[in-house]
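Student: Take this structure first; my questions come after.
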Amino acid sequence: MSPTGISNANPGPARVPRSPTAAKLWSALGVYILATLTASVALLAAQPHSGIDPAALSLVQFAPALGALTTWLLFRKTITAALPPATSSRQLTKNLLAVVTACTLFYLLITAAALLTNTALVGPAPVGGVPFAIFIPLQLIGAFGEETGWRGLMQPLLESRLTKFAAILTTGTTWALWHVQAFTAGPITALCFFLGVLSFATILGYLSTGTFRQRVLIAAVGHWLINIASCLLTGDNTLDHPQVIFTAVAAAITAAAVTTYHFHSTRAHP
């Protein structure tokens with residue numbers, strides 16, 4: 001008997017109503033991942049023919065941007081409705097300063113670790129056959145290519161359905177696994193790389209707020225500074241030992257500091 005006293009001959013399994021918006025959001029995220037992976041394969045194949053050393057500028061960094069563009073063209077209304085509102089110019093400035101401070105802390109930590117263990121610092125040496133002065137702007141371009149997709153599109157779409165922490169963790173895990181080459185360098189290297197990327201995702205994820213453009217700006221600046229700091233430590237060989245361990249530990253410490261800062265700011269300005 002039903003609670004109303006009316007018998008249901010074949011009630012069937014209980015069904016949870018699904019929001020069309022939610023279904024479209026998950027579809028958009030699926031398209032983003034598929035488009036990014038497809039673009040990654042194509043760009044990796046094109047790299048040897050480009051004449052550009054991947055250590056200086058890896059074309060695959062633009063795969064997330066191409067994935068985001070494809071998703072935008074197919075799900076424009078859904079994405080527009082899901083993306084968060086703008087943050088104030090004051091908050092944007094605070095976030096930019098915070099990400100620069102976090103990256104400075106990361107650099108100081110890896111440098112201190114190298115000095116304490118007598119590990120050589122590469123410094124501003126040529127990377128991928130290009131002078132360091134040219135490498136710097138190339139890395140900024142690449143950082144914008146990646147962050148257009150990861151923090152610009154994927155994370156905010158996830159935030160519309162998940163908690164911010166879950167959105168950061170999901171985006172960070174996907175971002176880490178996208179770097180397939182790091183997981184072929186042995187278990188210790190793979191573990192350190194994964195921890196480092198999740199920590200970087202936490203740093204960029206908590207400090208990137210506001211609109212698509214605001215998030216991409218903050219995340220790209222942070223991503224760029226992290227890459228520059230890492231290359232000052234290791235040059236082309238970012239997966240070398242013990243440097244990859246220094247990177248993972250320093251990134252985790254920095255992520256803890258950023259997380260503390262984020263929750264303090266949230267409580268102060270709910």
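Numbering starts fresh at 1 for the residues of each chain in the structure tokens, the chains themselves are lettered A, B, ... in the order given, and ligands are numbered from 1 as they appear.
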Determine, counting only C-alpha atoms, which protein, DNA and RNA residues have an atom within 12 Å of an atom of Val130 of chain A; residues of the same chain fewer than 4 positions away are not included. Present the result as a PyMOL selection string.
Tutor: chain A and resi 52-57+124-126+134-139+235-236
Student: Restrict the selected residues to N, CA, C and O atoms and save them as a PDB file, in the first residue's frame.
Tutor:
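And here's part-v4.pdb as it stands now:
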```pdb
ATOM      1  N   ILE A  52      59.951  23.815 -33.443  1.00  0.00           N
ATOM      2  CA  ILE A  52      60.007  24.380 -32.091  1.00  0.00           C
ATOM      3  C   ILE A  52      60.371  23.283 -31.108  1.00  0.00           C
ATOM      4  O   ILE A  52      59.720  22.230 -31.071  1.00  0.00           O
ATOM      5  N   ASP A  53      61.415  23.512 -30.317  1.00  0.00           N
ATOM      6  CA  ASP A  53      61.789  22.545 -29.292  1.00  0.00           C
ATOM      7  C   ASP A  53      60.688  22.518 -28.225  1.00  0.00           C
ATOM      8  O   ASP A  53      60.326  23.570 -27.681  1.00  0.00           O
ATOM      9  N   PRO A  54      60.122  21.350 -27.893  1.00  0.00           N
ATOM     10  CA  PRO A  54      59.041  21.292 -26.898  1.00  0.00           C
ATOM     11  C   PRO A  54      59.443  21.793 -25.519  1.00  0.00           C
ATOM     12  O   PRO A  54      58.581  22.186 -24.731  1.00  0.00           O
ATOM     13  N   ALA A  55      60.749  21.786 -25.210  1.00  0.00           N
ATOM     14  CA  ALA A  55      61.186  22.319 -23.921  1.00  0.00           C
ATOM     15  C   ALA A  55      60.992  23.835 -23.866  1.00  0.00           C
ATOM     16  O   ALA A  55      60.761  24.397 -22.798  1.00  0.00           O
ATOM     17  N   ALA A  56      61.065  24.482 -25.021  1.00  0.00           N
ATOM     18  CA  ALA A  56      60.868  25.935 -25.073  1.00  0.00           C
ATOM     19  C   ALA A  56      59.381  26.286 -25.117  1.00  0.00           C
ATOM     20  O   ALA A  56      58.912  27.169 -24.405  1.00  0.00           O
ATOM     21  N   LEU A  57      58.638  25.589 -25.962  1.00  0.00           N
ATOM     22  CA  LEU A  57      57.187  25.793 -26.068  1.00  0.00           C
ATOM     23  C   LEU A  57      56.574  24.524 -26.620  1.00  0.00           C
ATOM     24  O   LEU A  57      56.787  24.160 -27.776  1.00  0.00           O
ATOM     25  N   PRO A 124      69.179  31.008 -14.866  1.00  0.00           N
ATOM     26  CA  PRO A 124      68.598  31.506 -16.134  1.00  0.00           C
ATOM     27  C   PRO A 124      69.398  31.083 -17.359  1.00  0.00           C
ATOM     28  O   PRO A 124      69.912  31.918 -18.108  1.00  0.00           O
ATOM     29  N   ALA A 125      69.492  29.805 -17.571  1.00  0.00           N
ATOM     30  CA  ALA A 125      70.227  29.261 -18.710  1.00  0.00           C
ATOM     31  C   ALA A 125      69.272  29.061 -19.887  1.00  0.00           C
ATOM     32  O   ALA A 125      68.051  29.024 -19.712  1.00  0.00           O
ATOM     33  N   PRO A 126      69.805  28.933 -21.108  1.00  0.00           N
ATOM     34  CA  PRO A 126      68.937  28.644 -22.265  1.00  0.00           C
ATOM     35  C   PRO A 126      68.133  27.368 -22.034  1.00  0.00           C
ATOM     36  O   PRO A 126      68.617  26.400 -21.446  1.00  0.00           O
ATOM     37  N   ILE A 134      63.889  34.791 -24.008  1.00  0.00           N
ATOM     38  CA  ILE A 134      62.830  34.439 -24.955  1.00  0.00           C
ATOM     39  C   ILE A 134      61.935  33.350 -24.376  1.00  0.00           C
ATOM     40  O   ILE A 134      60.727  33.317 -24.610  1.00  0.00           O
ATOM     41  N   PHE A 135      62.532  32.462 -23.601  1.00  0.00           N
ATOM     42  CA  PHE A 135      61.786  31.386 -22.955  1.00  0.00           C
ATOM     43  C   PHE A 135      60.687  31.945 -22.051  1.00  0.00           C
ATOM     44  O   PHE A 135      59.585  31.380 -21.984  1.00  0.00           O
ATOM     45  N   ILE A 136      60.965  33.056 -21.372  1.00  0.00           N
ATOM     46  CA  ILE A 136      59.996  33.630 -20.420  1.00  0.00           C
ATOM     47  C   ILE A 136      58.666  33.985 -21.099  1.00  0.00           C
ATOM     48  O   ILE A 136      57.602  33.532 -20.660  1.00  0.00           O
ATOM     49  N   PRO A 137      58.653  34.797 -22.181  1.00  0.00           N
ATOM     50  CA  PRO A 137      57.358  35.095 -22.805  1.00  0.00           C
ATOM     51  C   PRO A 137      56.716  33.882 -23.477  1.00  0.00           C
ATOM     52  O   PRO A 137      55.480  33.787 -23.530  1.00  0.00           O
ATOM     53  N   LEU A 138      57.526  32.961 -23.982  1.00  0.00           N
ATOM     54  CA  LEU A 138      56.959  31.750 -24.579  1.00  0.00           C
ATOM     55  C   LEU A 138      56.170  30.955 -23.547  1.00  0.00           C
ATOM     56  O   LEU A 138      55.094  30.420 -23.834  1.00  0.00           O
ATOM     57  N   GLN A 139      56.716  30.880 -22.337  1.00  0.00           N
ATOM     58  CA  GLN A 139      56.027  30.155 -21.274  1.00  0.00           C
ATOM     59  C   GLN A 139      54.732  30.842 -20.857  1.00  0.00           C
ATOM     60  O   GLN A 139      53.758  30.178 -20.473  1.00  0.00           O
ATOM     61  N   GLY A 235      66.124  23.543 -15.230  1.00  0.00           N
ATOM     62  CA  GLY A 235      66.264  23.706 -16.668  1.00  0.00           C
ATOM     63  C   GLY A 235      65.280  22.824 -17.411  1.00  0.00           C
ATOM     64  O   GLY A 235      64.097  22.775 -17.069  1.00  0.00           O
ATOM     65  N   ASP A 236      65.783  22.071 -18.426  1.00  0.00           N
ATOM     66  CA  ASP A 236      64.914  21.193 -19.209  1.00  0.00           C
ATOM     67  C   ASP A 236      64.452  19.962 -18.435  1.00  0.00           C
ATOM     68  O   ASP A 236      63.434  19.360 -18.759  1.00  0.00           O
TER      69      ASP A 236
END
```
Student: Write out as a list in words each polymer residue whose atoms come within 12 Å of Leu69 of chain A, counting only C-alpha atoms; drop sequence neighbours fewer than 2 positions from it.
Tutor: Ala28, Val31, Tyr32, Ile33, Ala35, Thr36, Ala39, Phe62, Ala63, Pro64, Ala65, Leu66, Gly67, Thr71, Trp72, Leu73, Leu74, Phe75, Arg76, Ile79, Gly145, Thr148, Gly149, Gly152, Leu153 and Met154 of chain A
Student: Could you tell me how far atom CA of Arg267 of chain A lies from atom CA of Gly172 of chain A, in Å and to one decimal?
Tutor: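 Value for the atom CA of Arg267 of chain A-atom CA of Gly172 of chain A distance: 24.6 Å.
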Student: Residues within 8 Å of Val100 of chain A, please, as a list of chain:residue names. Count only C-alpha atoms; anything in the same chain fewer than 4 positions from it doesn't count.
Tutor: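 Returned residues: A:Leu96, A:Thr104, A:Val221, A:Gly222, A:Leu225.
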Student: So that I have them on file, write out the residues from the current selection with all heavy atoms, as a JSON list (two decimals), in the first residue's frame.
Tutor:
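Final output, out36.json:
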```json
[["chain", "number", "residue", "atom", "x", "y", "z"],
["A", 96, "LEU", "N", 45.79, 38.43, -7.61],
["A", 96, "LEU", "CA", 47.02, 38.47, -8.38],
["A", 96, "LEU", "C", 48.24, 38.59, -7.46],
["A", 96, "LEU", "O", 49.25, 37.91, -7.65],
["A", 96, "LEU", "CB", 47.00, 39.64, -9.37],
["A", 96, "LEU", "CG", 46.19, 39.41, -10.66],
["A", 96, "LEU", "CD1", 46.05, 40.72, -11.43],
["A", 96, "LEU", "CD2", 46.87, 38.35, -11.53],
["A", 104, "THR", "N", 56.36, 33.00, -5.34],
["A", 104, "THR", "CA", 57.63, 33.42, -4.76],
["A", 104, "THR", "C", 58.02, 32.49, -3.61],
["A", 104, "THR", "O", 59.19, 32.08, -3.49],
["A", 104, "THR", "CB", 57.55, 34.87, -4.26],
["A", 104, "THR", "OG1", 57.20, 35.73, -5.35],
["A", 104, "THR", "CG2", 58.88, 35.32, -3.67],
["A", 221, "VAL", "N", 49.03, 33.57, -14.91],
["A", 221, "VAL", "CA", 50.18, 34.23, -14.27],
["A", 221, "VAL", "C", 50.83, 33.28, -13.28],
["A", 221, "VAL", "O", 52.05, 33.12, -13.24],
["A", 221, "VAL", "CB", 49.74, 35.54, -13.59],
["A", 221, "VAL", "CG1", 50.86, 36.07, -12.68],
["A", 221, "VAL", "CG2", 49.37, 36.59, -14.63],
["A", 222, "GLY", "N", 50.00, 32.60, -12.46],
["A", 222, "GLY", "CA", 50.54, 31.66, -11.50],
["A", 222, "GLY", "C", 51.22, 30.48, -12.17],
["A", 222, "GLY", "O", 52.32, 30.07, -11.78],
["A", 225, "LEU", "N", 54.60, 31.60, -13.58],
["A", 225, "LEU", "CA", 55.63, 31.79, -12.56],
["A", 225, "LEU", "C", 56.12, 30.46, -12.00],
["A", 225, "LEU", "O", 57.31, 30.30, -11.70],
["A", 225, "LEU", "CB", 55.10, 32.69, -11.45],
["A", 225, "LEU", "CG", 54.83, 34.15, -11.84],
["A", 225, "LEU", "CD1", 54.19, 34.91, -10.68],
["A", 225, "LEU", "CD2", 56.12, 34.84, -12.28]]
```
Student: Find the spatial neighbours of Phe200 of chain A, counting only C-alpha atoms, within a cut-off of 9 Å - ignore same-chain residues fewer than 4 positions away - and output them as a count of residues only.
Tutor: 12
Student: Using only C-alpha atoms, which of A:Gly30, A:Asn237, A:Leu44, A:Ile218 sits nearest Ala143 of chain A?
Tutor: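 Among the listed residues, the smallest separation from Ala143 of chain A belongs to A:Ile218.
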Student: I want to know what sits within 12 Å of Ala112 of chain A, based on only C-alpha atoms, with residues of the same chain fewer than 6 positions away left out; could you give that as a VMD selection string?
Tutor: chain A and resid 105 to 106 118 to 121 233 243 246 to 247 249 to 250
Student: Determine which residues of segment 111-255 of chain A DSSP labels as helix (DSSP H, G or I) from the backbone of this structure, then write them out as a ChimeraX atom specification.
Tutor: /A:111-116,132-159,164-178,180-184,187-207,212-234,243-255
Student: Identify which of the residues A:Leu232, A:Leu116, A:Ala82, A:Ile245 lies closest to Phe193 of chain A, counting only C-alpha atoms when measuring atom-to-atom distances.
Tutor: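 Result for the nearest residue to Phe193 of chain A: A:Ile245.
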Student: Write out as number ranges by chain which residues come within 12 Å of Gly51 of chain A when counting only C-alpha atoms, dropping same-chain ones fewer than 6 positions away.
Tutor: A: 57-59, 128-129
Student: With all heavy atoms retained, export the selected residues as a PDB file, in the first residue's frame.
Tutor:
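For reference, part-v9.pdb as written:
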```
ATOM      1  N   LEU A  57      58.638  25.589 -25.962  1.00  0.00           N
ATOM      2  CA  LEU A  57      57.187  25.793 -26.068  1.00  0.00           C
ATOM      3  C   LEU A  57      56.574  24.524 -26.620  1.00  0.00           C
ATOM      4  O   LEU A  57      56.787  24.160 -27.776  1.00  0.00           O
ATOM      5  CB  LEU A  57      56.852  26.977 -26.976  1.00  0.00           C
ATOM      6  CG  LEU A  57      55.349  27.252 -27.150  1.00  0.00           C
ATOM      7  CD1 LEU A  57      54.725  27.688 -25.816  1.00  0.00           C
ATOM      8  CD2 LEU A  57      55.106  28.322 -28.212  1.00  0.00           C
ATOM      9  N   SER A  58      55.814  23.855 -25.788  1.00  0.00           N
ATOM     10  CA  SER A  58      55.152  22.619 -26.197  1.00  0.00           C
ATOM     11  C   SER A  58      53.783  22.961 -26.783  1.00  0.00           C
ATOM     12  O   SER A  58      52.939  23.567 -26.118  1.00  0.00           O
ATOM     13  CB  SER A  58      54.994  21.688 -24.994  1.00  0.00           C
ATOM     14  OG  SER A  58      54.392  20.485 -25.384  1.00  0.00           O
ATOM     15  N   LEU A  59      53.572  22.582 -28.035  1.00  0.00           N
ATOM     16  CA  LEU A  59      52.312  22.905 -28.706  1.00  0.00           C
ATOM     17  C   LEU A  59      51.108  22.294 -28.003  1.00  0.00           C
ATOM     18  O   LEU A  59      49.998  22.826 -28.077  1.00  0.00           O
ATOM     19  CB  LEU A  59      52.353  22.437 -30.160  1.00  0.00           C
ATOM     20  CG  LEU A  59      53.391  23.098 -31.066  1.00  0.00           C
ATOM     21  CD1 LEU A  59      53.261  22.570 -32.493  1.00  0.00           C
ATOM     22  CD2 LEU A  59      53.247  24.619 -31.054  1.00  0.00           C
ATOM     23  N   GLY A 128      65.608  24.608 -24.091  1.00  0.00           N
ATOM     24  CA  GLY A 128      65.096  24.186 -25.394  1.00  0.00           C
ATOM     25  C   GLY A 128      65.747  24.907 -26.551  1.00  0.00           C
ATOM     26  O   GLY A 128      65.123  25.118 -27.597  1.00  0.00           O
ATOM     27  N   GLY A 129      67.000  25.309 -26.380  1.00  0.00           N
ATOM     28  CA  GLY A 129      67.720  25.952 -27.463  1.00  0.00           C
ATOM     29  C   GLY A 129      67.431  27.424 -27.640  1.00  0.00           C
ATOM     30  O   GLY A 129      67.919  28.047 -28.596  1.00  0.00           O
TER      31      GLY A 129
END
```
Student: From the list A:Leu177, A:Ala113, A:Leu97, A:Ala257, which residue is nearest Leu198 of chain A when using only C-alpha atoms?
Tutor: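 Under the stated criterion, the closest residue is A:Leu177.
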Student: Considering only C-alpha atoms, can you say which of A:Thr101, A:Ala22, A:Glu146, A:Ala190 comes closest to Thr238 of chain A?
Tutor: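 Of the candidates, the smallest distance to Thr238 of chain A is held by A:Ala190.
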Student: Any idea what's packed within 7 Å of Gly210 of chain A, counting only C-alpha atoms, ignoring anything in its chain fewer than 6 positions away? Could you give it as a list in words?
Tutor: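 What passes the distance filter is Pro84, Pro85, Ala86 and Thr87 of chain A.
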Student: Would you mind exporting all heavy atoms of the selected residues as a PDB file, in the first residue's frame?
Tutor:
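And here's result11.pdb as it stands now:
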```
ATOM      1  N   PRO A  84      30.594  31.723 -13.271  1.00  0.00           N
ATOM      2  CA  PRO A  84      30.341  32.620 -12.132  1.00  0.00           C
ATOM      3  C   PRO A  84      30.417  34.088 -12.523  1.00  0.00           C
ATOM      4  O   PRO A  84      30.966  34.441 -13.579  1.00  0.00           O
ATOM      5  CB  PRO A  84      31.460  32.254 -11.149  1.00  0.00           C
ATOM      6  CG  PRO A  84      32.553  31.724 -12.011  1.00  0.00           C
ATOM      7  CD  PRO A  84      31.883  31.029 -13.149  1.00  0.00           C
ATOM      8  N   PRO A  85      29.876  34.961 -11.672  1.00  0.00           N
ATOM      9  CA  PRO A  85      29.919  36.399 -11.950  1.00  0.00           C
ATOM     10  C   PRO A  85      31.313  36.975 -11.715  1.00  0.00           C
ATOM     11  O   PRO A  85      32.199  36.313 -11.176  1.00  0.00           O
ATOM     12  CB  PRO A  85      28.912  36.973 -10.945  1.00  0.00           C
ATOM     13  CG  PRO A  85      28.939  36.007  -9.798  1.00  0.00           C
ATOM     14  CD  PRO A  85      29.148  34.652 -10.419  1.00  0.00           C
ATOM     15  N   ALA A  86      31.467  38.219 -12.097  1.00  0.00           N
ATOM     16  CA  ALA A  86      32.765  38.893 -11.955  1.00  0.00           C
ATOM     17  C   ALA A  86      33.060  39.189 -10.496  1.00  0.00           C
ATOM     18  O   ALA A  86      32.155  39.384  -9.673  1.00  0.00           O
ATOM     19  CB  ALA A  86      32.755  40.193 -12.757  1.00  0.00           C
ATOM     20  N   THR A  87      34.336  39.177 -10.168  1.00  0.00           N
ATOM     21  CA  THR A  87      34.774  39.642  -8.868  1.00  0.00           C
ATOM     22  C   THR A  87      35.194  41.098  -9.004  1.00  0.00           C
ATOM     23  O   THR A  87      35.419  41.591 -10.117  1.00  0.00           O
ATOM     24  CB  THR A  87      35.942  38.782  -8.348  1.00  0.00           C
ATOM     25  OG1 THR A  87      36.201  39.106  -6.987  1.00  0.00           O
ATOM     26  CG2 THR A  87      37.200  39.003  -9.171  1.00  0.00           C
TER      27      THR A  87
END
```
Student: Per residue of segment 149-249 of chain A within 9 Å of segment 258-265 of chain A, note the shortest atom pair and the distance in Å to one decimal, counting only C-alpha atoms, and order the rows by chain and increasing residue number, as a tab-separated table.
Tutor:
```
residue	atom	partner	partner_atom	distance
A:Thr202	CA	A:Thr259	CA	7.5
A:Ile203	CA	A:Val258	CA	5.9
A:Tyr206	CA	A:His262	CA	6.6
A:Leu207	CA	A:His262	CA	7.5
```
